[in-house]
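Worksheet for the structure shown next.
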Amino acid sequence: MDTAIIRLVENERDRMRFIKCQWNFYKHDVHWVPPLIAERKKLLSTTQNPFYQHAQLRMFLAERNGQVVGRIAAITNENHNQRYHDNVGFIGFFECEDKQDTANALFHAAESWLRSQGKDTARGPVNPSMNDEAALLVEGFDSPPVILTTYNPPYYPVLFERAGYTKAKDNYAYLLRHEDYQTEKMRRLQQAIRDRYKITIRGVNFKDKAQFKKDTDTIKHIYNIAWRNNWGMVEFTDAEWEALVKDLKPVADPDIILIADINNTPAGFLLALPDINRVMIHNKSGSTVGALWHLLTKRHSINFCRIIIMGVLPEYRKTGVDAVMYYEIGQRAARKYTAGGEASWIDEANVDMNLALTKTIRARRYKTYRIYDKALA
């Protein structure tokens, strides 16, 4: 039988097959970074992941002759629906062989369940939300993904588009090189801004438990306000934020997480992380023990970082504090991350940020990620 059979994931054995089948699609791909199996289990657990306190998940497998040839998840996110007053459902964790019939069957299963939940649009891929890994890589397949970004074969966009999905939003990744923006002109400009607005830059205190909590709460507060009008943004719940901080703390570098104060009042933040994918790419089995071993023995090879997010409170956006933070992160990163870094995602509609990156910082856009929509008629 050549046609794949679609099956709902109903038990723990199916869940593990859903997770481990990802290896089937990348066994010969030198750029793929295997995920941690334990991390995927927690991400998909409706009891361990606080996202599912306001969301639902259904997972489907495509099988042929006992082998998994595709997978997909259908997701409802009621916090999103309340935030945007819509009936959008989501798809994610998509993997598939290069067969349109198999992809169509997976999409049909996910879309049918979303319809049964009253949703009128399917959006994705999100894994499982816009605050997690999300979007399909559509340009820039010639290098591995950096930390917390997606990667997929070049034929995936074709499978989506032939199934009726159309572009909803593109986001860009920029390659940053220290030599491109560490100019005397930039140094003088950012110093003038610091002096004029009394800007000071500090890191997050990882050593003092109470101060660490205060600093990370400050970042959450700024993020939830600064990003409120950004496309697809949904505020973190307290439980989601605490889980995120707990997960990121072991791999974070306090030197490249910045809080900007103006007159001793928090005005903005910048969060960057070491690109541990440069080590994790060697952990072919996805095991936790293997990940720890590679981190211990190859940590010196992590010479690249990713600027994940920056936020500035609305009342401080005309001060130039964003330029100060970019300059500061460049100075700090140059000491440890000699290969440079990536700034991502940047919304295609964010004209000011895209211009700043290309004209002022002289970054090179090198990857594009796409979120798709499909009306569920």
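Ordered as shown in the structure tokens, chains take letters A, B, and onward, while each chain numbers its residues from 1 and ligands are numbered from 1 in the order shown.
Look at Met280 in chain A: the protein and nucleic acid residues within 7 Å of it, using only C-alpha atoms and passing over chain neighbours fewer than 3 places away, are Val33, Ile276, Asn277, Asn283 and Ala291 of chain A.
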DSSP-assigned strand (DSSP E) members of range 236-357 of chain A, reported as number ranges by chain: A: 257-262, 265-274, 305-312, 341-347
The selected residues should be written to file as a PDB file, in the first residue's frame (atoms: N, CA and C atoms).
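Contents of the output file again_1.pdb:
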ATOM      1  N   ILE A 257      23.034  39.528  28.555  1.00  0.00           N
ATOM      2  CA  ILE A 257      21.635  39.863  28.836  1.00  0.00           C
ATOM      3  C   ILE A 257      21.653  41.232  29.496  1.00  0.00           C
ATOM      4  N   LEU A 258      21.063  42.225  28.845  1.00  0.00           N
ATOM      5  CA  LEU A 258      21.217  43.609  29.258  1.00  0.00           C
ATOM      6  C   LEU A 258      19.894  44.227  29.706  1.00  0.00           C
ATOM      7  N   ILE A 259      19.965  45.065  30.716  1.00  0.00           N
ATOM      8  CA  ILE A 259      18.860  45.931  31.098  1.00  0.00           C
ATOM      9  C   ILE A 259      19.364  47.365  31.011  1.00  0.00           C
ATOM     10  N   ALA A 260      18.614  48.207  30.312  1.00  0.00           N
ATOM     11  CA  ALA A 260      18.987  49.613  30.158  1.00  0.00           C
ATOM     12  C   ALA A 260      18.138  50.465  31.098  1.00  0.00           C
ATOM     13  N   ASP A 261      18.798  51.250  31.923  1.00  0.00           N
ATOM     14  CA  ASP A 261      18.110  52.173  32.823  1.00  0.00           C
ATOM     15  C   ASP A 261      18.289  53.605  32.319  1.00  0.00           C
ATOM     16  N   ILE A 262      17.243  54.389  32.408  1.00  0.00           N
ATOM     17  CA  ILE A 262      17.305  55.824  32.141  1.00  0.00           C
ATOM     18  C   ILE A 262      16.907  56.533  33.425  1.00  0.00           C
ATOM     19  N   THR A 265      15.698  54.184  36.050  1.00  0.00           N
ATOM     20  CA  THR A 265      14.427  53.507  35.825  1.00  0.00           C
ATOM     21  C   THR A 265      14.561  52.565  34.633  1.00  0.00           C
ATOM     22  N   PRO A 266      14.175  51.278  34.771  1.00  0.00           N
ATOM     23  CA  PRO A 266      14.288  50.351  33.644  1.00  0.00           C
ATOM     24  C   PRO A 266      13.514  50.853  32.423  1.00  0.00           C
ATOM     25  N   ALA A 267      14.207  50.917  31.290  1.00  0.00           N
ATOM     26  CA  ALA A 267      13.603  51.429  30.059  1.00  0.00           C
ATOM     27  C   ALA A 267      13.585  50.403  28.943  1.00  0.00           C
ATOM     28  N   GLY A 268      14.496  49.455  28.978  1.00  0.00           N
ATOM     29  CA  GLY A 268      14.569  48.463  27.908  1.00  0.00           C
ATOM     30  C   GLY A 268      15.447  47.296  28.308  1.00  0.00           C
ATOM     31  N   PHE A 269      15.445  46.279  27.475  1.00  0.00           N
ATOM     32  CA  PHE A 269      16.293  45.110  27.727  1.00  0.00           C
ATOM     33  C   PHE A 269      16.708  44.506  26.390  1.00  0.00           C
ATOM     34  N   LEU A 270      17.752  43.720  26.435  1.00  0.00           N
ATOM     35  CA  LEU A 270      18.206  42.943  25.275  1.00  0.00           C
ATOM     36  C   LEU A 270      18.612  41.572  25.778  1.00  0.00           C
ATOM     37  N   LEU A 271      18.052  40.551  25.159  1.00  0.00           N
ATOM     38  CA  LEU A 271      18.348  39.167  25.542  1.00  0.00           C
ATOM     39  C   LEU A 271      19.091  38.474  24.416  1.00  0.00           C
ATOM     40  N   ALA A 272      20.309  38.048  24.706  1.00  0.00           N
ATOM     41  CA  ALA A 272      21.093  37.241  23.770  1.00  0.00           C
ATOM     42  C   ALA A 272      21.516  35.958  24.479  1.00  0.00           C
ATOM     43  N   LEU A 273      21.728  34.919  23.700  1.00  0.00           N
ATOM     44  CA  LEU A 273      22.138  33.625  24.249  1.00  0.00           C
ATOM     45  C   LEU A 273      23.293  33.055  23.449  1.00  0.00           C
ATOM     46  N   PRO A 274      24.183  32.318  24.100  1.00  0.00           N
ATOM     47  CA  PRO A 274      25.225  31.602  23.352  1.00  0.00           C
ATOM     48  C   PRO A 274      24.577  30.601  22.405  1.00  0.00           C
ATOM     49  N   CYS A 305      26.701  33.938  19.013  1.00  0.00           N
ATOM     50  CA  CYS A 305      25.537  34.125  19.877  1.00  0.00           C
ATOM     51  C   CYS A 305      24.355  34.626  19.055  1.00  0.00           C
ATOM     52  N   ARG A 306      23.195  34.577  19.668  1.00  0.00           N
ATOM     53  CA  ARG A 306      21.982  35.049  19.001  1.00  0.00           C
ATOM     54  C   ARG A 306      21.291  36.101  19.851  1.00  0.00           C
ATOM     55  N   ILE A 307      21.031  37.258  19.268  1.00  0.00           N
ATOM     56  CA  ILE A 307      20.176  38.258  19.905  1.00  0.00           C
ATOM     57  C   ILE A 307      18.742  37.834  19.622  1.00  0.00           C
ATOM     58  N   ILE A 308      18.062  37.396  20.664  1.00  0.00           N
ATOM     59  CA  ILE A 308      16.723  36.832  20.497  1.00  0.00           C
ATOM     60  C   ILE A 308      15.650  37.904  20.515  1.00  0.00           C
ATOM     61  N   ILE A 309      15.802  38.858  21.415  1.00  0.00           N
ATOM     62  CA  ILE A 309      14.729  39.836  21.552  1.00  0.00           C
ATOM     63  C   ILE A 309      15.257  41.094  22.230  1.00  0.00           C
ATOM     64  N   MET A 310      14.715  42.209  21.806  1.00  0.00           N
ATOM     65  CA  MET A 310      14.995  43.480  22.461  1.00  0.00           C
ATOM     66  C   MET A 310      13.671  44.197  22.644  1.00  0.00           C
ATOM     67  N   GLY A 311      13.484  44.841  23.777  1.00  0.00           N
ATOM     68  CA  GLY A 311      12.259  45.592  24.028  1.00  0.00           C
ATOM     69  C   GLY A 311      12.563  46.924  24.688  1.00  0.00           C
ATOM     70  N   VAL A 312      11.865  47.955  24.255  1.00  0.00           N
ATOM     71  CA  VAL A 312      11.997  49.286  24.846  1.00  0.00           C
ATOM     72  C   VAL A 312      10.593  49.794  25.168  1.00  0.00           C
ATOM     73  N   GLY A 341      27.405  37.046  15.523  1.00  0.00           N
ATOM     74  CA  GLY A 341      26.110  36.638  16.050  1.00  0.00           C
ATOM     75  C   GLY A 341      25.006  36.779  15.031  1.00  0.00           C
ATOM     76  N   GLU A 342      23.827  36.415  15.469  1.00  0.00           N
ATOM     77  CA  GLU A 342      22.626  36.547  14.653  1.00  0.00           C
ATOM     78  C   GLU A 342      21.609  37.373  15.416  1.00  0.00           C
ATOM     79  N   ALA A 343      20.903  38.247  14.714  1.00  0.00           N
ATOM     80  CA  ALA A 343      19.752  38.961  15.273  1.00  0.00           C
ATOM     81  C   ALA A 343      18.510  38.414  14.588  1.00  0.00           C
ATOM     82  N   SER A 344      17.613  37.818  15.378  1.00  0.00           N
ATOM     83  CA  SER A 344      16.406  37.232  14.796  1.00  0.00           C
ATOM     84  C   SER A 344      15.384  37.002  15.907  1.00  0.00           C
ATOM     85  N   TRP A 345      14.095  36.891  15.602  1.00  0.00           N
ATOM     86  CA  TRP A 345      13.494  37.303  14.347  1.00  0.00           C
ATOM     87  C   TRP A 345      13.290  38.810  14.278  1.00  0.00           C
ATOM     88  N   ILE A 346      13.294  39.336  13.042  1.00  0.00           N
ATOM     89  CA  ILE A 346      12.944  40.728  12.809  1.00  0.00           C
ATOM     90  C   ILE A 346      11.761  40.725  11.847  1.00  0.00           C
ATOM     91  N   ASP A 347      10.641  41.266  12.292  1.00  0.00           N
ATOM     92  CA  ASP A 347       9.423  41.332  11.490  1.00  0.00           C
ATOM     93  C   ASP A 347       9.683  42.127  10.215  1.00  0.00           C
TER      94      ASP A 347
END
Quick one, how far is CA of Asn11 in chain A from CA of Met59 in chain A? 10.6 Å
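Of the listed residues A:Asp275, A:Asp170, A:Pro125, A:Glu139, the one whose atoms come nearest to Arg299 in chain A is A:Asp275, with distances taken using only C-alpha atoms.
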Between CA of His54 in chain A and CA of Asp217 in chain A, what distance in Å does the model show, to one decimal?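 Result for CA of His54 in chain A versus CA of Asp217 in chain A: 21.3 Å, one decimal.
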In terms of the shortest atom-to-atom distance over only C-alpha atoms, which of A:Lys298, A:Lys246, A:Lys99, A:Arg370 is closest to Leu159 in chain A?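 Checking each of A:Lys298, A:Lys246, A:Lys99, A:Arg370 against Leu159 in chain A, counting only C-alpha atoms, the winner is A:Lys99.
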Among range 75-203 of chain A, which ones does DSSP assign to helix (DSSP H, G or I) (computed from the backbone)? Answer as a PyMOL selection string. chain A and resi 78-84+100-116+156-162+178-181+184-197
Store the residues picked out above, limited to N, CA and C atoms, as a compact mmCIF listing (two decimals), in the first residue's frame.
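As written to disk, again_34.txt reads:
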# COMPACT_ATOMS: atom_id res chain seq x y z
N GLU A 78 -6.20 29.58 23.53
CA GLU A 78 -7.28 30.50 23.88
C GLU A 78 -6.79 31.86 24.31
N ASN A 79 -5.57 31.96 24.84
CA ASN A 79 -5.02 33.28 25.16
C ASN A 79 -4.82 34.10 23.89
N HIS A 80 -4.41 33.43 22.80
CA HIS A 80 -4.30 34.12 21.52
C HIS A 80 -5.67 34.60 21.06
N ASN A 81 -6.66 33.72 21.10
CA ASN A 81 -7.99 34.07 20.62
C ASN A 81 -8.60 35.22 21.42
N GLN A 82 -8.39 35.24 22.72
CA GLN A 82 -8.88 36.34 23.54
C GLN A 82 -8.13 37.63 23.26
N ARG A 83 -6.84 37.51 22.99
CA ARG A 83 -6.02 38.69 22.71
C ARG A 83 -6.41 39.35 21.40
N TYR A 84 -6.73 38.54 20.38
CA TYR A 84 -6.98 39.08 19.04
C TYR A 84 -8.45 39.00 18.62
N GLN A 100 3.37 14.99 -1.69
CA GLN A 100 2.27 15.92 -1.44
C GLN A 100 1.04 15.22 -0.86
N ASP A 101 0.78 14.00 -1.30
CA ASP A 101 -0.39 13.27 -0.79
C ASP A 101 -0.28 13.06 0.72
N THR A 102 0.91 12.72 1.19
CA THR A 102 1.11 12.51 2.62
C THR A 102 0.93 13.82 3.37
N ALA A 103 1.52 14.89 2.85
CA ALA A 103 1.37 16.20 3.49
C ALA A 103 -0.09 16.62 3.54
N ASN A 104 -0.79 16.43 2.42
CA ASN A 104 -2.21 16.82 2.37
C ASN A 104 -3.03 16.07 3.41
N ALA A 105 -2.72 14.78 3.59
CA ALA A 105 -3.45 13.98 4.57
C ALA A 105 -3.18 14.47 5.99
N LEU A 106 -1.94 14.84 6.27
CA LEU A 106 -1.61 15.39 7.59
C LEU A 106 -2.33 16.71 7.82
N PHE A 107 -2.26 17.61 6.83
CA PHE A 107 -2.94 18.89 6.96
C PHE A 107 -4.44 18.68 7.17
N HIS A 108 -5.01 17.75 6.42
CA HIS A 108 -6.46 17.49 6.53
C HIS A 108 -6.83 17.05 7.94
N ALA A 109 -6.01 16.18 8.53
CA ALA A 109 -6.31 15.70 9.88
C ALA A 109 -6.27 16.84 10.89
N ALA A 110 -5.21 17.67 10.81
CA ALA A 110 -5.08 18.78 11.75
C ALA A 110 -6.19 19.81 11.54
N GLU A 111 -6.47 20.12 10.27
CA GLU A 111 -7.49 21.12 9.97
C GLU A 111 -8.89 20.66 10.40
N SER A 112 -9.16 19.37 10.23
CA SER A 112 -10.47 18.85 10.63
C SER A 112 -10.68 18.99 12.13
N TRP A 113 -9.63 18.71 12.90
CA TRP A 113 -9.77 18.85 14.34
C TRP A 113 -9.94 20.33 14.72
N LEU A 114 -9.19 21.22 14.06
CA LEU A 114 -9.34 22.65 14.36
C LEU A 114 -10.76 23.13 14.04
N ARG A 115 -11.32 22.65 12.94
CA ARG A 115 -12.70 23.01 12.61
C ARG A 115 -13.65 22.54 13.71
N SER A 116 -13.40 21.34 14.23
CA SER A 116 -14.28 20.81 15.27
C SER A 116 -14.21 21.64 16.54
N TYR A 156 9.73 21.75 2.11
CA TYR A 156 8.58 21.97 2.99
C TYR A 156 7.70 23.14 2.54
N PRO A 157 8.27 24.31 2.18
CA PRO A 157 7.40 25.39 1.72
C PRO A 157 6.53 24.99 0.53
N VAL A 158 7.04 24.14 -0.34
CA VAL A 158 6.25 23.68 -1.49
C VAL A 158 5.06 22.85 -1.01
N LEU A 159 5.30 21.97 -0.02
CA LEU A 159 4.21 21.16 0.51
C LEU A 159 3.12 22.04 1.12
N PHE A 160 3.52 23.07 1.85
CA PHE A 160 2.55 23.98 2.44
C PHE A 160 1.75 24.71 1.37
N GLU A 161 2.45 25.28 0.40
CA GLU A 161 1.78 26.14 -0.58
C GLU A 161 0.88 25.35 -1.51
N ARG A 162 1.28 24.14 -1.86
CA ARG A 162 0.42 23.31 -2.71
C ARG A 162 -0.81 22.81 -1.96
N HIS A 178 31.46 41.67 14.07
CA HIS A 178 31.96 42.72 14.94
C HIS A 178 32.60 43.86 14.15
N GLU A 179 33.35 43.51 13.12
CA GLU A 179 34.08 44.53 12.38
C GLU A 179 33.18 45.46 11.58
N ASP A 180 31.93 45.07 11.39
CA ASP A 180 31.03 45.88 10.56
C ASP A 180 30.44 47.09 11.29
N TYR A 181 30.32 47.00 12.60
CA TYR A 181 29.65 48.11 13.29
C TYR A 181 30.46 48.70 14.45
N GLU A 184 34.32 54.16 14.96
CA GLU A 184 34.47 55.32 15.83
C GLU A 184 33.22 56.18 15.83
N LYS A 185 32.56 56.26 14.68
CA LYS A 185 31.32 57.03 14.58
C LYS A 185 30.24 56.45 15.50
N MET A 186 30.11 55.12 15.51
CA MET A 186 29.12 54.48 16.38
C MET A 186 29.48 54.69 17.85
N ARG A 187 30.75 54.62 18.16
CA ARG A 187 31.17 54.81 19.55
C ARG A 187 30.79 56.20 20.04
N ARG A 188 31.07 57.23 19.23
CA ARG A 188 30.77 58.60 19.63
C ARG A 188 29.26 58.84 19.71
N LEU A 189 28.51 58.27 18.75
CA LEU A 189 27.07 58.47 18.73
C LEU A 189 26.41 57.87 19.98
N GLN A 190 26.74 56.61 20.29
CA GLN A 190 26.10 55.98 21.44
C GLN A 190 26.53 56.64 22.75
N GLN A 191 27.76 57.16 22.81
CA GLN A 191 28.19 57.83 24.03
C GLN A 191 27.43 59.14 24.23
N ALA A 192 27.17 59.84 23.14
CA ALA A 192 26.40 61.08 23.23
C ALA A 192 24.98 60.79 23.72
N ILE A 193 24.40 59.68 23.24
CA ILE A 193 23.05 59.31 23.67
C ILE A 193 23.05 58.94 25.15
N ARG A 194 24.05 58.19 25.59
CA ARG A 194 24.16 57.82 27.00
C ARG A 194 24.22 59.08 27.89
N ASP A 195 25.06 60.00 27.48
CA ASP A 195 25.24 61.21 28.28
C ASP A 195 23.98 62.05 28.31
N ARG A 196 23.31 62.19 27.19
CA ARG A 196 22.14 63.06 27.11
C ARG A 196 20.98 62.54 27.96
N TYR A 197 20.76 61.22 27.89
CA TYR A 197 19.58 60.65 28.58
C TYR A 197 19.93 59.93 29.88
Neighbours of Thr338 in chain A within 9 Å (only C-alpha atoms; same-chain residues fewer than 5 positions away dropped), as a ChimeraX atom specification? /A:177-178,303-304,333
Residues near range 89-98 of chain A, anyone? I mean within 8 Å using only C-alpha atoms, not counting same-chain ones fewer than 6 positions away, as a PyMOL selection string. chain A and resi 22+25+69-77+110+114+119-128+134+155-156+159
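Proximity ranking of A:Thr360, A:Thr200, A:Tyr151, A:Arg365 relative to Asp29 in chain A places A:Tyr151 first, based on only C-alpha atoms.
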Could you name the residues that touch Glu39 in chain A at 10 Å or less, counting only C-alpha atoms, but leaving out those on the same chain fewer than 5 positions away, as a PyMOL selection string? chain A and resi 44-45+247+286-288
List the spatial neighbours of range 355-358 of chain A as a ChimeraX atom specification - criterion: any atom at most 9 Å away, only C-alpha atoms, same-chain residues fewer than 5 positions off excluded. /A:174,176,323,343,350,363-365
Do you have the CA of Asn152 in chain A-CA of Lys41 in chain A distance handy? 20.0 Å
